[in-house]
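Structure first, then comments.
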Amino acid sequence: MRPIKLEITGLQSFSKKQIINFDELTSMGLFGIFGETGSGKSTILDAMIFSIFDQIPRTMGNSGKNIRSSLNGDSNVLEVYFKFSLGEDIFEITRVYKKKYNRKGEEKFEQSNPIMIKNKDVIADTVKNVEAKVKEYFGIGINDFTRSVVLPQGKFSEFLKLKGAEKMTMLENIFDLDKYGTKMSDKISSKLSVLKEKIASLENQIKGKGDFSPELMRTLEGELKSKTTEHDSLVIEKMKVESDFSEMNSIKSFSEKLDFYNSELFRLEKTKNEIDVYSEKIKKHELANSFKIIIDEIKILENSIEVIQNEILASETILAEYNSSLNSFKNEEIQKQENLDSLHSVLKSLIIDYNELENLRKCEGYLNTLELKKNLLNEAINNFEVENYDCKLLKDNLQMNINDLSVFKNELEDLGEIDCITTSNLENEISILKSSISVLQNKFSQKISYEKSLESYKLETVTLLKNLDDILQESAKLEVKNLGNKAFELSKTLIHGENCPVCGSKEHPKRAQNSEDVDFKLLDNLLKSEENIRKNLLELSIKTKHSNEKLLEFKDLESVEVLEKNLALKEKNLIFLKDAEKNFNLKVGEINTKIVTLESTISNINSNILQKEKLVELNMDKIETYKKEIEIESEKISLLNLENTSLDCVVKRKIHLDTLDKEYRKTMLSLNSFEIELRSVKDKILEFSTKVGEITLNLARKYENMKNSKNDFDTKTKSLKTNSVKTGFLSNLDILNSILEFKLLQNMKIAIENYENDFIKYTHFKNEILISLDGKVFEEKKWSSLNFELQNLKMKNEILVKEITETSSYLERIQKLAYEAQDLLVQIDSLVLKEDDLLLLQKKFKGRKFVSFLARKRLDYIAYEASKRLKKITRGRYLLQVNKDCDFNIVDVFNNNHIRDSATLSGGETFIVSLVLALALSSQLQLKGNIQLEFFFLDEGFGTLDSTLLDRVIEILEEIRWKEKMKIGIISHVEDLKIRIPRRLEVSPAIPGETGSIIKLI
């Protein structure tokens, strides 16, 4: 997560909109927010938390419903806009609350629908939808967010102080470890259920396949072999009978065909005369068809002559009509020209003076403006009098409120002051007593711890001394063996008469004997163990001495019960003093409320007086302005040089001139219209004259065509009559009757062709069959006998083939079932192995053991990372460890590795440990499992550090900024921090009655 932009309006001390550009603010990685106490620094964190979770834990409580405490008193709207990135996605969230009043005047707050935008697209626009999307993308709630990402006041050390179970629950939430718990178990159970169903299904499939035993398969194979042999013998017998039957069948077929061909040839002989008649009619048709072409041409010429005569008659009629229209248009042209001349004379009488008309129009406008200005002047004078009177009433009311304010201030002074010093001293004494009791209890605890440690050291010393004695005895035995071996080696080099380097004797009657081999590795280990035990004994001696010294320090301890009784008495007195102080403050608060109300009323009246005085002055200025404008308008009218400038005369004269001008324009339009009509008539005359010439020329051509057509008609008629008589036709009608219809002609030709083809074909087929028979004769009895025998053989063959097919198919199905069953058994074995693996996993993931294990590992790593930074800040003094209950302990290396509970830390120490834990946690945190945090914010604690520790903390933060690329923000009022942080926001506190808190980027 990385913030980009934050806008705050009406939240706590921010009355008006304040904008923070985090891209500029975080440009150098480490940044700060500084300002006086109560200036609104922490409100910036509240705004970010509020925009995401709709809650401000610091002021609204956990429920997030008490919005009244977070709304600025001078604002009616609380609005926060937050723009930030999660990975590569850009998000924007806007939340708005508005203050309203019901009919009774009671104050209430109404929340507008929040809006959540992702990459410029709206993804949620209701409270529930935005809440769901925040949960989807962040994956953690507000409590975990304020413990690890944005740490507001009161939340900074919460992770340190959380008890073990709560701490583990928080880690499970923010690291999304629940997916390894119930979800993983459910997932494994679901897969197990599916596997069991698959195994049961496969077993049922095997059962459903029936009997496929090897004995059954052997029986079927024997039956198949027997039937196949029987079928082969039957096929040979069937082939011999088929050959004999086929030969007899051929003779039968040839005899039947010969009878058919003889009958067909007899039928053709009967139709021969009819075919001859058809041939004669076709010849006459072909001759008549050649004369028909000439007859058709003569008929076309006859029709053409008739058409030309009709066209000539029509053209003469049209020519007469065009001549009549042409004369009519010429008469119309003369009439139009006369009307045009008349309009020209009327137009001259309607010309007016346009300069006079323009001046009249201007004068009318000036006169209307002048009337308006006079009305405005009267209105301004009336307003001046009303505002002046209201101002006087306000000043009287102001004096009354000032007098009341003086009375309440005197009453406040008479109350005096309450004695706060006694209360403060008593609180200090109680604080000192509590501290003393805590120190005393801590000392008692330390005394018990040292006593236990001393007892432990004594037992450990006894054990070590016993181990040392055993090691020394074993070492001595090995040393003796080693010396014996060395003496043996030396004796081998002795020469008779020379001195022994051990005893000095020159005689060597009894030399050393070789003993067993010595285990030098065991000897070395014993020597090292001896050295380690001696070191441990020395260390235990030092620790025992230190514990005895510490116990002497705790010898004379004061009684805790006496201090606790004294504390209870002082706390009772403090309650009495605080009740008195509370009553006094209530009285002072009531008077102060009245004073503030009166001061606010006086301020409002002063503001109203100033406003009224401004209105009086404004009306005075208006009066002067309107008077000057009236003079200017009057001067404009005089410059027009009109005879009469009264509004009625000007309007009447303007109307008269406008009427003449309209008549002029209307006459001009009529003149233009007549000119267009005259031009159209002249165009028509030209058009009709052209068409008369074209029609006359066309008539001459038609007369010539008709003459030529008549000559061709006479010539062709004479030629046809001469040639038809020569070929035997009596008349044109006889020629036409001899022409056959196309369908009849085609049928005759087909009949002739079919007759000729059939005669040739049947004669040829008859000769071929006589050659094939070669004198053989068909015997009906023999053919029937062979046919019966063949049908019986075929029936037997079909039965055998069917039995062989069924047996073979059954055998193949049995073999296939056996193969499929084997494959199913292999699948079942594979699934059973998977089932065993899942059952093992189910046992391991049962309950929340694995989740707790992961959370503990995360916690140990966070403690390890935090410990490295803590060691660096404290120069190696403190380390951090996690005990068996998952609570944090502090190891004081400089105090003999003494382990301290985190509750015993001072304010500065608590801040440092909380800081390194928060940094380690945030560096490990990923939102929704895959979005790395780029941002860390903390708000408190720097005031508890001295200058040296402050420098070390800043060094660590700078190191994180550069190494982990994280933006780190801190909120503080400590001035020393300002010079250490290069980029910062300065928050100026609100000024009552003037302005809210203001943010400035430095």
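All residue names refer to the structure tokens as shown: chains lettered A, B, ... in order, residues numbered from 1 in each chain, ligands numbered from 1 in order.
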Checklist entry - So which residues touch Ser670 in chain A within 12 Å, counting only C-alpha atoms, skipping near sequence neighbours fewer than 2 positions away, as a ChimeraX atom specification? => result /A:339-340,342-344,346-347,663-668,672-677
Checklist entry - Ser529 in chain A: which residues within 12 Å, counting only C-alpha atoms, same-chain residues fewer than 2 positions away excluded, as a ChimeraX atom specification? => result /A:464,467-472,474-475,522-527,531-536
Item to check | CA of Glu865 in chain A to CA of Ser972 in chain A, distance in Å rounded to a single decimal | outcome: 25.5 Å
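In this structure, CA of Glu549 in chain A sits 11.0 Å away from CA of Leu454 in chain A.
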Kindly provide the residues of range 780-886 of chain A that approach range 913-919 of chain A to within 12 Å, each paired with its closest atom pair and their distance in Å to one decimal, based on only C-alpha atoms, listed by chain and increasing number, as JSON lines.
{"residue": "A:Leu859", "atom": "CA", "partner": "A:Leu917", "partner_atom": "CA", "distance": 10.1}
{"residue": "A:Asp860", "atom": "CA", "partner": "A:Leu917", "partner_atom": "CA", "distance": 11.3}
{"residue": "A:Tyr861", "atom": "CA", "partner": "A:Leu917", "partner_atom": "CA", "distance": 10.7}
{"residue": "A:Ile862", "atom": "CA", "partner": "A:Leu917", "partner_atom": "CA", "distance": 7.0}
{"residue": "A:Ala863", "atom": "CA", "partner": "A:Leu917", "partner_atom": "CA", "distance": 7.0}
{"residue": "A:Tyr864", "atom": "CA", "partner": "A:Leu917", "partner_atom": "CA", "distance": 9.6}
{"residue": "A:Glu865", "atom": "CA", "partner": "A:Leu917", "partner_atom": "CA", "distance": 8.1}
{"residue": "A:Ala866", "atom": "CA", "partner": "A:Val916", "partner_atom": "CA", "distance": 4.9}
{"residue": "A:Ser867", "atom": "CA", "partner": "A:Val916", "partner_atom": "CA", "distance": 7.6}
{"residue": "A:Lys868", "atom": "CA", "partner": "A:Val916", "partner_atom": "CA", "distance": 8.8}
{"residue": "A:Arg869", "atom": "CA", "partner": "A:Val916", "partner_atom": "CA", "distance": 6.2}
{"residue": "A:Leu870", "atom": "CA", "partner": "A:Val916", "partner_atom": "CA", "distance": 6.3}
{"residue": "A:Lys871", "atom": "CA", "partner": "A:Val916", "partner_atom": "CA", "distance": 10.0}
{"residue": "A:Lys872", "atom": "CA", "partner": "A:Val916", "partner_atom": "CA", "distance": 10.5}
{"residue": "A:Ile873", "atom": "CA", "partner": "A:Val916", "partner_atom": "CA", "distance": 9.4}
{"residue": "A:Thr874", "atom": "CA", "partner": "A:Val913", "partner_atom": "CA", "distance": 10.2}
{"residue": "A:Tyr878", "atom": "CA", "partner": "A:Val913", "partner_atom": "CA", "distance": 9.4}
{"residue": "A:Leu879", "atom": "CA", "partner": "A:Val913", "partner_atom": "CA", "distance": 9.5}
{"residue": "A:Leu880", "atom": "CA", "partner": "A:Val913", "partner_atom": "CA", "distance": 8.3}
{"residue": "A:Gln881", "atom": "CA", "partner": "A:Leu917", "partner_atom": "CA", "distance": 11.3}
{"residue": "A:Val882", "atom": "CA", "partner": "A:Leu917", "partner_atom": "CA", "distance": 12.0}
What does the file look like for those residues with N, CA and C atoms, as a PDB file, in the first residue's frame?
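Resulting contents of out-v3.pdb:
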ATOM      1  N   LEU A 859       5.928 -15.510  14.155  1.00  0.00           N
ATOM      2  CA  LEU A 859       6.206 -14.710  15.341  1.00  0.00           C
ATOM      3  C   LEU A 859       7.693 -14.779  15.708  1.00  0.00           C
ATOM      4  N   ASP A 860       8.272 -15.997  15.629  1.00  0.00           N
ATOM      5  CA  ASP A 860       9.703 -16.146  15.937  1.00  0.00           C
ATOM      6  C   ASP A 860      10.554 -15.335  14.972  1.00  0.00           C
ATOM      7  N   TYR A 861      10.156 -15.357  13.666  1.00  0.00           N
ATOM      8  CA  TYR A 861      10.950 -14.614  12.688  1.00  0.00           C
ATOM      9  C   TYR A 861      10.819 -13.102  12.902  1.00  0.00           C
ATOM     10  N   ILE A 862       9.594 -12.657  13.231  1.00  0.00           N
ATOM     11  CA  ILE A 862       9.392 -11.225  13.509  1.00  0.00           C
ATOM     12  C   ILE A 862      10.241 -10.810  14.712  1.00  0.00           C
ATOM     13  N   ALA A 863      10.246 -11.673  15.772  1.00  0.00           N
ATOM     14  CA  ALA A 863      11.059 -11.378  16.955  1.00  0.00           C
ATOM     15  C   ALA A 863      12.542 -11.343  16.598  1.00  0.00           C
ATOM     16  N   TYR A 864      12.971 -12.283  15.709  1.00  0.00           N
ATOM     17  CA  TYR A 864      14.374 -12.328  15.294  1.00  0.00           C
ATOM     18  C   TYR A 864      14.759 -11.041  14.557  1.00  0.00           C
ATOM     19  N   GLU A 865      13.920 -10.602  13.579  1.00  0.00           N
ATOM     20  CA  GLU A 865      14.200  -9.375  12.823  1.00  0.00           C
ATOM     21  C   GLU A 865      14.177  -8.150  13.741  1.00  0.00           C
ATOM     22  N   ALA A 866      13.186  -8.114  14.658  1.00  0.00           N
ATOM     23  CA  ALA A 866      13.093  -6.981  15.581  1.00  0.00           C
ATOM     24  C   ALA A 866      14.297  -6.962  16.521  1.00  0.00           C
ATOM     25  N   SER A 867      14.749  -8.153  16.926  1.00  0.00           N
ATOM     26  CA  SER A 867      15.875  -8.260  17.863  1.00  0.00           C
ATOM     27  C   SER A 867      17.152  -7.688  17.251  1.00  0.00           C
ATOM     28  N   LYS A 868      17.350  -7.912  15.939  1.00  0.00           N
ATOM     29  CA  LYS A 868      18.544  -7.378  15.276  1.00  0.00           C
ATOM     30  C   LYS A 868      18.565  -5.853  15.347  1.00  0.00           C
ATOM     31  N   ARG A 869      17.401  -5.214  15.104  1.00  0.00           N
ATOM     32  CA  ARG A 869      17.350  -3.745  15.158  1.00  0.00           C
ATOM     33  C   ARG A 869      17.445  -3.248  16.594  1.00  0.00           C
ATOM     34  N   LEU A 870      16.825  -3.980  17.533  1.00  0.00           N
ATOM     35  CA  LEU A 870      16.885  -3.584  18.946  1.00  0.00           C
ATOM     36  C   LEU A 870      18.329  -3.639  19.452  1.00  0.00           C
ATOM     37  N   LYS A 871      19.054  -4.669  19.054  1.00  0.00           N
ATOM     38  CA  LYS A 871      20.456  -4.807  19.462  1.00  0.00           C
ATOM     39  C   LYS A 871      21.289  -3.648  18.929  1.00  0.00           C
ATOM     40  N   LYS A 872      20.995  -3.219  17.679  1.00  0.00           N
ATOM     41  CA  LYS A 872      21.749  -2.123  17.072  1.00  0.00           C
ATOM     42  C   LYS A 872      21.448  -0.800  17.768  1.00  0.00           C
ATOM     43  N   ILE A 873      20.147  -0.564  18.073  1.00  0.00           N
ATOM     44  CA  ILE A 873      19.766   0.697  18.714  1.00  0.00           C
ATOM     45  C   ILE A 873      20.356   0.798  20.122  1.00  0.00           C
ATOM     46  N   THR A 874      20.326  -0.355  20.877  1.00  0.00           N
ATOM     47  CA  THR A 874      20.772  -0.335  22.293  1.00  0.00           C
ATOM     48  C   THR A 874      22.247  -0.693  22.430  1.00  0.00           C
ATOM     49  N   TYR A 878      20.135  -5.050  24.612  1.00  0.00           N
ATOM     50  CA  TYR A 878      18.864  -5.766  24.692  1.00  0.00           C
ATOM     51  C   TYR A 878      18.657  -6.668  23.486  1.00  0.00           C
ATOM     52  N   LEU A 879      18.067  -7.843  23.736  1.00  0.00           N
ATOM     53  CA  LEU A 879      17.605  -8.758  22.700  1.00  0.00           C
ATOM     54  C   LEU A 879      16.142  -9.093  22.989  1.00  0.00           C
ATOM     55  N   LEU A 880      15.448  -9.579  21.956  1.00  0.00           N
ATOM     56  CA  LEU A 880      14.022  -9.883  22.092  1.00  0.00           C
ATOM     57  C   LEU A 880      13.825 -11.378  21.866  1.00  0.00           C
ATOM     58  N   GLN A 881      13.025 -12.016  22.713  1.00  0.00           N
ATOM     59  CA  GLN A 881      12.720 -13.431  22.530  1.00  0.00           C
ATOM     60  C   GLN A 881      11.245 -13.678  22.832  1.00  0.00           C
ATOM     61  N   VAL A 882      10.736 -14.830  22.331  1.00  0.00           N
ATOM     62  CA  VAL A 882       9.328 -15.214  22.534  1.00  0.00           C
ATOM     63  C   VAL A 882       9.299 -16.414  23.468  1.00  0.00           C
TER      64      VAL A 882
END
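The residue that comes closest to Ile609 in chain A, out of A:Ile971, A:Leu398, A:Leu657, A:Ile432 and on the basis of only C-alpha atoms, is A:Leu398.
Nearest residue to Asp390 in chain A, choosing from A:Glu364, A:Glu613, A:Val588, A:Gly73 and counting only C-alpha atoms: A:Glu613.
Pairwise distance (CA of Arg952 in chain A, CA of Val987 in chain A) equals 26.0 Å.
Closest approach to Arg679 in chain A among A:Leu216, A:Ser69, A:Ile300, A:Glu332: A:Glu332, based on only C-alpha atoms.
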Set the distance at 9 Å and use only C-alpha atoms: which residues neighbour range 285-288 of chain A once local chain neighbours fewer than 6 positions away are removed? I'd like the list as a tab-separated table (two decimals) with C-alpha atoms, in the first residue's frame.
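As written to disk, part.tsv reads:
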chain	number	residue	atom	x	y	z
A	724	SER	CA	-45.41	-21.38	-105.13
A	727	THR	CA	-43.85	-26.33	-106.63
A	729	PHE	CA	-48.99	-25.26	-103.84
A	734	ASP	CA	-52.19	-24.31	-98.80
A	735	ILE	CA	-48.55	-23.48	-97.96
A	736	LEU	CA	-49.38	-22.58	-94.35
A	737	ASN	CA	-51.54	-25.73	-93.88
A	738	SER	CA	-48.62	-27.94	-95.02
A	739	ILE	CA	-46.41	-26.63	-92.22
A	740	LEU	CA	-46.51	-29.03	-89.24
A	745	LEU	CA	-42.93	-32.79	-86.38
Checklist entry - Which residues in range 102-274 of chain A does DSSP call strand (DSSP E or B)? List them as a PyMOL selection string. => result chain A and resi 107-111+115-118+121-124+150-151
Keeping only C-alpha atoms, write the selected residues as a short mmCIF file (atom, residue, chain, number, x, y, z; two decimals), in the first residue's frame.
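The new file again.cif reads:
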data_model
loop_
_atom_site.label_atom_id
_atom_site.label_comp_id
_atom_site.auth_asym_id
_atom_site.auth_seq_id
_atom_site.Cartn_x
_atom_site.Cartn_y
_atom_site.Cartn_z
CA GLU A 107 -29.29 17.86 15.34
CA LYS A 108 -28.67 14.62 13.40
CA PHE A 109 -26.02 13.26 11.04
CA GLU A 110 -26.66 11.61 7.69
CA GLN A 111 -24.08 9.54 5.81
CA ILE A 115 -17.71 5.76 -3.36
CA MET A 116 -14.80 3.41 -4.07
CA ILE A 117 -12.98 3.70 -7.41
CA LYS A 118 -10.41 1.29 -8.87
CA ASP A 121 -13.92 2.74 -12.57
CA VAL A 122 -16.51 2.82 -9.74
CA ILE A 123 -16.47 -0.64 -8.06
CA ALA A 124 -18.68 0.12 -5.00
CA VAL A 150 -0.80 2.97 10.58
CA LEU A 151 -0.11 3.26 14.32
#
Using 7 Å as the limit and counting only C-alpha atoms, can you tabulate each residue of range 779-841 of chain A that touches range 244-259 of chain A, with its shortest atom-to-atom distance in Å and the two atoms involved, as CSV?
residue,atom,partner,partner_atom,distance
A:Trp783,CA,A:Met248,CA,6.1
A:Leu786,CA,A:Phe245,CA,5.7
A:Asn787,CA,A:Phe245,CA,6.6
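Closest approach to Ser634 in chain A among A:Leu415, A:Cys391, A:Leu370, A:Ile542: A:Leu370, based on only C-alpha atoms.
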Checklist entry - Of the candidates A:Met28, A:Ile437, A:Leu671, A:Leu639, which shows the shortest atom-to-atom distance to Met966 in chain A, using only C-alpha atoms? => result A:Met28
Checklist entry - Excluding same-chain residues fewer than 3 positions from Glu316 in chain A, what lies within 12 Å of it counting only C-alpha atoms, as a PyMOL selection string? => result chain A and resi 309-313+319-323+692+695-700+702-703
For those residues, write N, CA, C and O atoms to a file as a short mmCIF file (atom, residue, chain, number, x, y, z; two decimals), in the first residue's frame.
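Saved as again-v7.cif:
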data_model
loop_
_atom_site.label_atom_id
_atom_site.label_comp_id
_atom_site.auth_asym_id
_atom_site.auth_seq_id
_atom_site.Cartn_x
_atom_site.Cartn_y
_atom_site.Cartn_z
N GLN A 309 -48.32 5.34 -91.28
CA GLN A 309 -49.49 6.20 -91.56
C GLN A 309 -50.04 6.78 -90.25
O GLN A 309 -50.38 7.96 -90.16
N ASN A 310 -50.10 5.92 -89.19
CA ASN A 310 -50.61 6.38 -87.88
C ASN A 310 -49.69 7.44 -87.27
O ASN A 310 -50.14 8.42 -86.67
N GLU A 311 -48.34 7.22 -87.40
CA GLU A 311 -47.37 8.18 -86.85
C GLU A 311 -47.48 9.53 -87.54
O GLU A 311 -47.38 10.58 -86.90
N ILE A 312 -47.71 9.53 -88.88
CA ILE A 312 -47.85 10.80 -89.62
C ILE A 312 -49.07 11.56 -89.13
O ILE A 312 -49.03 12.77 -88.90
N LEU A 313 -50.17 10.82 -88.91
CA LEU A 313 -51.41 11.45 -88.44
C LEU A 313 -51.21 12.08 -87.05
O LEU A 313 -51.62 13.21 -86.78
N LEU A 319 -48.27 18.95 -84.06
CA LEU A 319 -47.75 20.19 -84.65
C LEU A 319 -48.78 21.30 -84.54
O LEU A 319 -48.45 22.45 -84.23
N ALA A 320 -50.08 20.96 -84.76
CA ALA A 320 -51.14 21.97 -84.66
C ALA A 320 -51.26 22.48 -83.21
O ALA A 320 -51.41 23.70 -82.97
N GLU A 321 -51.11 21.57 -82.21
CA GLU A 321 -51.20 21.97 -80.78
C GLU A 321 -50.05 22.90 -80.41
O GLU A 321 -50.25 23.90 -79.71
N TYR A 322 -48.82 22.57 -80.85
CA TYR A 322 -47.65 23.41 -80.53
C TYR A 322 -47.78 24.80 -81.14
O TYR A 322 -47.42 25.81 -80.52
N ASN A 323 -48.30 24.90 -82.33
CA ASN A 323 -48.47 26.22 -82.96
C ASN A 323 -49.48 27.06 -82.18
O ASN A 323 -49.30 28.28 -82.01
N VAL A 692 -41.50 22.89 -82.88
CA VAL A 692 -42.27 22.97 -84.14
C VAL A 692 -41.38 22.64 -85.32
O VAL A 692 -41.75 21.89 -86.23
N ILE A 695 -40.61 18.78 -85.34
CA ILE A 695 -41.76 17.96 -85.77
C ILE A 695 -41.94 18.05 -87.28
O ILE A 695 -42.23 17.05 -87.96
N THR A 696 -41.78 19.22 -87.86
CA THR A 696 -41.94 19.43 -89.32
C THR A 696 -40.92 18.59 -90.07
O THR A 696 -41.25 17.91 -91.06
N LEU A 697 -39.66 18.59 -89.60
CA LEU A 697 -38.59 17.81 -90.25
C LEU A 697 -38.89 16.31 -90.15
O LEU A 697 -38.71 15.55 -91.12
N ASN A 698 -39.39 15.84 -89.01
CA ASN A 698 -39.69 14.43 -88.78
C ASN A 698 -40.82 13.95 -89.69
O ASN A 698 -40.81 12.80 -90.19
N LEU A 699 -41.82 14.78 -89.95
CA LEU A 699 -42.93 14.43 -90.85
C LEU A 699 -42.44 14.16 -92.27
O LEU A 699 -42.87 13.20 -92.93
N ALA A 700 -41.49 14.95 -92.74
CA ALA A 700 -40.95 14.77 -94.10
C ALA A 700 -40.26 13.41 -94.19
O ALA A 700 -40.40 12.70 -95.22
N LYS A 702 -40.92 10.65 -92.44
CA LYS A 702 -41.92 9.59 -92.37
C LYS A 702 -42.60 9.38 -93.74
O LYS A 702 -42.89 8.24 -94.13
N TYR A 703 -42.92 10.48 -94.47
CA TYR A 703 -43.49 10.36 -95.82
C TYR A 703 -42.57 9.58 -96.74
O TYR A 703 -43.00 8.71 -97.53
#
Please report as CSV every residue of range 240-328 of chain A lying within 9 Å of range 707-717 of chain A, along with the nearest atom pair and their distance in Å (one decimal), using only C-alpha atoms.
residue,atom,partner,partner_atom,distance
A:Ile294,CA,A:Lys716,CA,7.4
A:Ile295,CA,A:Thr717,CA,8.2
A:Glu297,CA,A:Lys716,CA,8.3
A:Ile298,CA,A:Phe713,CA,5.9
A:Lys299,CA,A:Phe713,CA,8.6
A:Leu301,CA,A:Phe713,CA,6.0
A:Glu302,CA,A:Phe713,CA,7.0
A:Ser304,CA,A:Ser709,CA,7.4
A:Ile305,CA,A:Ser709,CA,6.3
Checklist entry - Excluding same-chain residues fewer than 6 positions from range 896-899 of chain A, what lies within 9 Å of it counting only C-alpha atoms, as a VMD selection string? => result chain A and resid 543 878 889 to 890
Just C-alpha atoms for this one: save the residues we selected as a CSV table (one decimal), in the first residue's frame.
chain,number,residue,atom,x,y,z
A,543,LYS,CA,27.2,-16.7,38.9
A,878,TYR,CA,18.9,-5.8,24.7
A,889,ASN,CA,10.5,-11.1,26.9
A,890,ILE,CA,13.5,-8.8,26.9
